[in-house]
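Participant: If it helps, the file is called upload.cif and holds mmCIF, C-alpha atoms:
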data_protein
#
loop_
_atom_site.label_atom_id
_atom_site.label_comp_id
_atom_site.auth_asym_id
_atom_site.auth_seq_id
_atom_site.Cartn_x
_atom_site.Cartn_y
_atom_site.Cartn_z
CA MET A 293 1.89 -23.23 30.30
CA GLU A 294 -0.98 -23.54 27.83
CA SER A 295 -1.70 -19.77 27.94
CA ILE A 296 1.96 -19.03 27.13
CA LEU A 297 1.76 -21.11 23.94
CA LYS A 298 -1.31 -19.31 22.62
CA LEU A 299 -0.78 -16.24 20.46
CA ASP A 300 -3.34 -13.51 21.14
CA MET A 301 -4.14 -12.09 17.69
CA ARG A 302 -5.90 -9.12 19.29
CA LEU A 303 -2.45 -7.69 19.94
CA PHE A 304 -1.95 -7.25 16.19
CA TYR A 305 -5.40 -6.12 14.99
CA SER A 306 -7.17 -3.12 16.49
CA GLU A 307 -10.09 -4.15 18.69
CA GLU A 308 -11.69 -0.79 17.95
CA ILE A 309 -11.89 -1.59 14.23
CA PHE A 310 -12.08 -5.39 13.92
CA ASP A 311 -13.61 -8.46 15.47
CA ILE A 312 -11.50 -11.60 15.00
CA ASN A 313 -13.92 -14.28 13.80
CA ASP A 314 -11.47 -17.10 13.19
CA CYS A 315 -7.79 -18.01 12.95
CA SER A 316 -6.65 -21.28 11.38
CA VAL A 317 -3.20 -22.72 10.68
CA ASN A 318 -2.07 -25.44 8.28
CA ASP A 319 1.31 -26.65 7.01
CA THR A 320 1.78 -23.72 4.62
CA GLY A 321 -0.07 -20.73 5.99
CA VAL A 322 -2.14 -18.83 8.51
CA LEU A 323 -5.67 -17.64 7.69
CA ILE A 324 -7.20 -14.90 9.81
CA ARG A 325 -10.80 -13.78 9.36
CA LEU A 326 -11.73 -10.29 10.53
CA LYS A 327 -15.04 -8.44 10.56
CA SER A 328 -15.23 -4.67 10.45
CA LYS A 329 -16.80 -2.92 13.45
CA LYS A 330 -17.07 0.45 11.74
CA HIS A 331 -20.48 2.07 11.38
CA GLU A 332 -19.71 5.00 9.06
CA CYS A 333 -17.46 5.98 6.21
CA GLU A 334 -16.27 9.18 4.53
CA CYS A 335 -16.89 9.62 0.81
CA PRO A 336 -13.53 10.15 -0.96
CA ASP A 337 -15.11 12.63 -3.41
CA CYS A 338 -17.46 14.88 -1.43
CA HIS A 339 -16.07 13.97 2.06
CA GLN A 340 -19.56 13.58 3.49
CA ILE A 341 -19.90 10.99 6.26
CA SER A 342 -22.36 8.19 5.51
CA ASN A 343 -23.76 5.56 7.86
CA HIS A 344 -26.18 4.02 5.37
CA TYR A 345 -25.10 0.43 4.67
CA HIS A 346 -25.22 -0.75 1.06
CA GLY A 347 -23.90 -4.27 1.68
CA THR A 348 -20.86 -6.29 2.66
CA TYR A 349 -17.93 -7.72 0.73
CA GLU A 350 -14.72 -9.61 1.46
CA ARG A 351 -11.19 -8.27 1.05
CA SER A 352 -8.29 -10.71 0.96
CA VAL A 353 -4.85 -9.26 1.77
CA GLN A 354 -1.45 -10.48 2.90
CA ASP A 355 0.05 -9.56 6.24
CA LEU A 356 3.55 -10.12 7.60
CA PRO A 357 4.32 -13.85 7.85
CA ILE A 358 4.08 -15.66 11.17
CA LEU A 359 7.02 -18.02 11.79
CA GLY A 360 7.71 -18.21 8.05
CA LYS A 361 4.11 -19.05 7.13
CA ASN A 362 2.18 -16.99 4.61
CA THR A 363 -0.42 -14.96 6.51
CA SER A 364 -3.66 -14.22 4.67
CA VAL A 365 -6.27 -11.90 6.15
CA ILE A 366 -9.87 -11.97 4.93
CA ILE A 367 -11.83 -8.91 6.02
CA THR A 368 -15.61 -8.81 5.92
CA ALA A 369 -16.06 -5.10 5.20
CA HIS A 370 -19.02 -2.81 4.59
CA GLU A 371 -20.06 -0.77 1.59
CA TYR A 372 -22.00 2.45 2.16
CA GLU A 373 -24.24 4.59 0.01
CA CYS A 374 -23.16 8.21 -0.39
CA GLN A 375 -26.09 10.28 0.83
CA ASN A 376 -25.06 13.38 -1.11
CA ALA A 377 -27.37 13.44 -4.13
CA GLU A 378 -24.98 15.70 -6.05
CA CYS A 379 -21.96 13.43 -5.58
CA PRO A 380 -20.99 11.22 -8.57
CA THR A 381 -19.92 8.43 -6.18
CA LYS A 382 -22.78 6.12 -5.32
CA THR A 383 -21.12 3.48 -3.15
CA ILE A 384 -18.21 3.87 -0.73
CA VAL A 385 -15.88 1.19 0.58
CA GLU A 386 -14.30 1.36 4.01
CA ARG A 387 -10.81 2.69 4.57
CA TYR A 388 -8.49 1.47 7.33
CA ASP A 389 -5.88 4.20 7.62
CA HIS A 390 -2.45 3.12 8.91
CA PHE A 391 -3.45 -0.53 8.46
CA LEU A 392 -4.61 -1.07 4.89
CA GLY A 393 -4.71 1.18 1.83
CA TYR A 394 -7.81 1.88 -0.24
CA TYR A 395 -7.04 -0.77 -2.87
CA GLY A 396 -4.15 -2.40 -1.02
CA ARG A 397 -3.37 -6.09 -1.41
CA PHE A 398 -0.95 -5.98 1.54
CA THR A 399 -1.26 -4.47 5.00
CA GLU A 400 0.73 -1.26 5.35
CA ARG A 401 3.24 -2.91 7.70
CA CYS A 402 3.78 -5.65 5.13
CA GLU A 403 4.23 -3.04 2.37
CA ASP A 404 6.73 -1.19 4.60
CA PHE A 405 8.79 -4.36 4.91
CA ILE A 406 8.65 -5.11 1.16
CA ALA A 407 9.62 -1.56 0.20
CA THR A 408 12.51 -1.44 2.68
CA LEU A 409 13.82 -4.79 1.47
CA ALA A 410 13.59 -3.71 -2.19
CA LEU A 411 15.48 -0.48 -1.54
CA GLU A 412 18.26 -2.41 0.19
CA THR A 413 18.47 -5.12 -2.50
CA SER A 414 16.45 -4.99 -5.74
CA CYS A 415 12.84 -5.59 -6.74
CA GLU A 416 13.50 -9.08 -8.12
CA GLY A 417 15.83 -9.91 -5.25
CA ALA A 418 13.24 -8.72 -2.72
CA SER A 419 10.59 -10.84 -4.45
CA ARG A 420 12.72 -13.98 -4.07
CA ILE A 421 13.47 -13.23 -0.40
CA CYS A 422 9.80 -12.53 0.30
CA ARG A 423 8.76 -15.88 -1.20
CA TYR A 424 11.27 -17.60 1.07
CA LEU A 425 9.85 -15.75 4.09
CA GLY A 426 6.23 -16.48 3.17
CA ILE A 427 5.10 -13.35 1.27
CA GLN A 428 3.87 -13.88 -2.28
CA VAL A 429 4.80 -10.80 -4.32
CA SER A 430 6.30 -10.35 -7.79
CA GLY A 431 9.04 -7.95 -8.81
CA ASP A 432 6.56 -5.99 -10.96
CA THR A 433 4.23 -5.57 -7.98
CA ILE A 434 7.12 -4.28 -5.87
CA ILE A 435 7.90 -1.71 -8.57
CA ARG A 436 4.28 -0.52 -8.43
CA ILE A 437 4.49 -0.26 -4.63
CA LEU A 438 7.65 1.84 -4.83
CA LYS A 439 6.24 4.11 -7.56
CA LYS A 440 3.04 4.63 -5.56
CA ARG A 441 5.03 5.54 -2.47
CA PHE A 442 7.26 7.89 -4.44
CA ALA A 443 4.17 9.67 -5.81
CA GLN A 444 2.97 10.19 -2.22
CA MET A 445 6.29 11.61 -1.02
CA GLU A 446 6.81 15.30 -0.36
CA ILE A 447 9.39 16.08 -3.02
CA GLU A 448 12.01 18.71 -2.26
CA ALA A 449 12.84 21.46 -4.74
CA ALA A 450 15.65 20.97 -7.25
CA GLY A 451 18.96 22.43 -6.16
CA SER A 452 21.61 24.11 -8.25
CA CYS A 453 23.11 20.75 -9.17
CA ILE A 454 21.22 17.58 -10.12
CA GLY A 455 22.17 14.03 -11.05
CA ILE A 456 20.40 12.13 -13.84
CA ASP A 457 20.34 8.39 -14.54
CA ASP A 458 18.04 5.83 -16.15
CA PHE A 459 16.89 2.45 -14.91
CA SER A 460 14.86 -0.47 -16.19
CA THR A 461 11.54 -1.30 -14.58
CA LYS A 462 10.88 -4.48 -16.56
CA LYS A 463 13.82 -6.61 -17.63
CA GLY A 464 15.39 -4.19 -20.07
CA SER A 465 12.24 -3.27 -21.98
CA THR A 466 10.74 -0.40 -19.97
CA TYR A 467 12.91 2.49 -18.81
CA CYS A 468 12.50 5.50 -16.55
CA THR A 469 14.70 8.49 -15.78
CA VAL A 470 15.47 9.43 -12.18
CA ILE A 471 16.61 12.91 -11.15
CA CYS A 472 18.32 13.44 -7.79
CA ASN A 473 19.47 16.40 -5.74
CA THR A 474 23.24 15.87 -5.57
CA ASP A 475 23.48 17.75 -2.26
CA SER A 476 20.97 15.62 -0.36
CA HIS A 477 21.14 12.51 -2.61
CA LYS A 478 17.34 12.38 -2.52
CA PRO A 479 15.17 11.79 -5.61
CA ILE A 480 13.42 14.82 -7.07
CA ALA A 481 11.50 13.22 -9.93
CA VAL A 482 10.99 9.94 -11.78
CA LEU A 483 10.11 10.36 -15.48
CA GLU A 484 8.83 7.90 -18.06
CA GLY A 485 11.33 6.88 -20.76
CA ARG A 486 15.01 7.64 -21.21
CA ASP A 487 15.16 9.30 -24.65
CA GLY A 488 15.44 12.79 -23.15
CA SER A 489 12.02 14.12 -24.22
CA SER A 490 10.44 13.81 -20.77
CA LEU A 491 13.60 15.23 -19.20
CA LYS A 492 13.46 18.22 -21.55
CA GLU A 493 9.83 18.92 -20.58
CA TRP A 494 10.71 18.59 -16.89
CA LEU A 495 13.64 21.03 -17.20
CA ILE A 496 11.45 23.55 -19.04
CA GLY A 497 8.83 23.27 -16.28
CA VAL A 498 11.44 23.79 -13.54
CA CYS A 499 12.94 26.81 -15.30
CA GLU A 500 9.50 28.40 -15.60
CA THR A 501 8.76 28.16 -11.87
CA PRO A 502 9.39 31.21 -9.63
CA GLN A 503 11.94 29.23 -7.58
CA ALA A 504 14.23 28.81 -10.55
CA ALA A 505 14.10 32.48 -11.55
#
I need this file expressed as structure tokens, please.
Facilitator:
Amino acid sequence: MESILKLDMRLFYSEEIFDINDCSVNDTGVLIRLKSKKHECECPDCHQISNHYHGTYERSVQDLPILGKNTSVIITAHEYECQNAECPTKTIVERYDHFLGYYGRFTERCEDFIATLALETSCEGASRICRYLGIQVSGDTIIRILKKRFAQMEIEAAGSCIGIDDFSTKKGSTYCTVICNTDSHKPIAVLEGRDGSSLKEWLIGVCETPQAA
């Protein structure tokens, strides 16, 4: 019976990448301490692999809540020295693809949940729901998550008919313009401002491309 009541955290964190050093629970949250098991890292600039340690540092991120408790993960990670003398980057921090972004404050699965919730509700609404569930995130942070994800999307070409609208990113003071393909209802571009100047530049750029000719 005792083994059934214990939650094996190794099921949620890759044993190939991390050692689980500690897991503690109090009335408000869960704290999980991980240590990286990686021994090399790729430089983001020159893409050379380095295995020369420079030091260690701690990263604190949020993961999906466990039974409504805020789940914080502290990772003891390594820094490496880029061994390419011609590379401008001197130190490299570890990446954990499909688990944690380069500068991420949330695990990717936690970001997926936040982004999905925001798209189904609103950024401020998602922030309130997340706080109730045990994820501490502001509406402004959710906007940044969505904009980052949009920038990483493979954007389809503009069709013969587009839809244009504006929206506020910060309580009526900061506006953006969104352009959608009316056939697929998918976004094509998000532009800063709503006065028409950025839209005019975008339309000129589209008309000058070979696709539009």
Participant: Write out as a count of residues only which residues come within 6 Å of His344 of chain A when counting only C-alpha atoms, dropping same-chain ones fewer than 2 positions away.
Facilitator: 3
Participant: Translate the PyMOL selection byres ((chain A and resi 487) around 12) into a concrete residue list for this structure, as a list in words.
Facilitator: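 Taken on the displayed file, the PyMOL selection byres ((chain A and resi 487) around 12) yields the residues Asp457, Asp458, Thr466, Tyr467, Cys468, Thr469, Leu483, Glu484, Gly485, Arg486, Gly488, Ser489, Ser490, Leu491, Lys492 and Glu493 of chain A.
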Participant: Mind telling me what the PyMOL selection byres ((chain A and resi 346-355) around 7) catches here, as a count of residues only?
Facilitator: 19
Participant: To verify the selection step, state as a short mmCIF file (atom, residue, chain, number, x, y, z; two decimals) with C-alpha atoms, keeping the file's coordinate frame which residues the PyMOL selection byres ((chain A and resi 330) around 9) yields on this input.
Facilitator:
data_model
loop_
_atom_site.label_atom_id
_atom_site.label_comp_id
_atom_site.auth_asym_id
_atom_site.auth_seq_id
_atom_site.Cartn_x
_atom_site.Cartn_y
_atom_site.Cartn_z
CA GLU A 308 -11.69 -0.79 17.95
CA ILE A 309 -11.89 -1.59 14.23
CA PHE A 310 -12.08 -5.39 13.92
CA SER A 328 -15.23 -4.67 10.45
CA LYS A 329 -16.80 -2.92 13.45
CA HIS A 331 -20.48 2.07 11.38
CA GLU A 332 -19.71 5.00 9.06
CA CYS A 333 -17.46 5.98 6.21
CA ALA A 369 -16.06 -5.10 5.20
CA HIS A 370 -19.02 -2.81 4.59
CA GLU A 386 -14.30 1.36 4.01
#
Participant: Restricting the calculation to all atoms listed in the file, which member of A:Ser306, A:Asn473, A:Gln428, A:Thr433 is positioned closest to Cys415 of chain A?
Facilitator: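 Ranked by minimum distance to Cys415 of chain A, first place goes to A:Thr433.
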Participant: Given only C-alpha atoms as the basis, pick out the residue of A:Val322, A:Glu416, A:Glu307, A:Gln444 nearest to Gly431 of chain A.
Facilitator: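 Once distances to Gly431 of chain A are computed over only C-alpha atoms, the minimum belongs to A:Glu416.
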Participant: Which residue gives the smallest distance to Cys379 of chain A among A:Arg420, A:Arg325, A:His339, A:Arg302, with only C-alpha atoms counted?
Facilitator: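 The shortest atom-to-atom distance to Cys379 of chain A comes from A:His339.
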Participant: What does the distance between atom CA of Gln375 of chain A and atom CA of Gln340 of chain A come to in Å, to one decimal place?
Facilitator: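 Taking atom CA of Gln375 of chain A as the start and atom CA of Gln340 of chain A as the end point, the length is 7.8 Å.
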Participant: How far is it from atom CA of Asp314 of chain A to atom CA of Gly393 of chain A, in Å with one decimal?
Facilitator: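 Going from atom CA of Asp314 of chain A over to atom CA of Gly393 of chain A, I get 22.6 Å.
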Participant: Could you tell me how far atom CA of Phe405 of chain A lies from atom CA of Leu326 of chain A, in Å and to one decimal?
Facilitator: 22.1 Å
Participant: Ile437 of chain A: which residues within 8 Å, counting all atoms listed in the file, same-chain residues fewer than 4 positions away excluded, as a count of residues only?
Facilitator: 4
Participant: Measuring between all atoms listed in the file, which one of A:Arg387, A:Lys382, A:Arg436, A:His477 shows the shortest distance to Ala410 of chain A?
Facilitator: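 Between A:Arg387, A:Lys382, A:Arg436, A:His477, the residue approaching Ala410 of chain A most closely is A:Arg436.
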Participant: Out of A:Leu359, A:Leu392, A:Met301, A:Cys338, which residue has the shortest atom-to-atom distance to Ala377 of chain A when counting all atoms listed in the file?
Facilitator: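 Under the stated criterion, the closest residue is A:Cys338.
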Participant: My list of candidates is A:Leu303, A:Ala481, A:Phe442, A:Ile435. Which is closest to Ile454 of chain A when distances are computed with only C-alpha atoms?
Facilitator: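 The answer is A:Ala481, which sits nearest to Ile454 of chain A.
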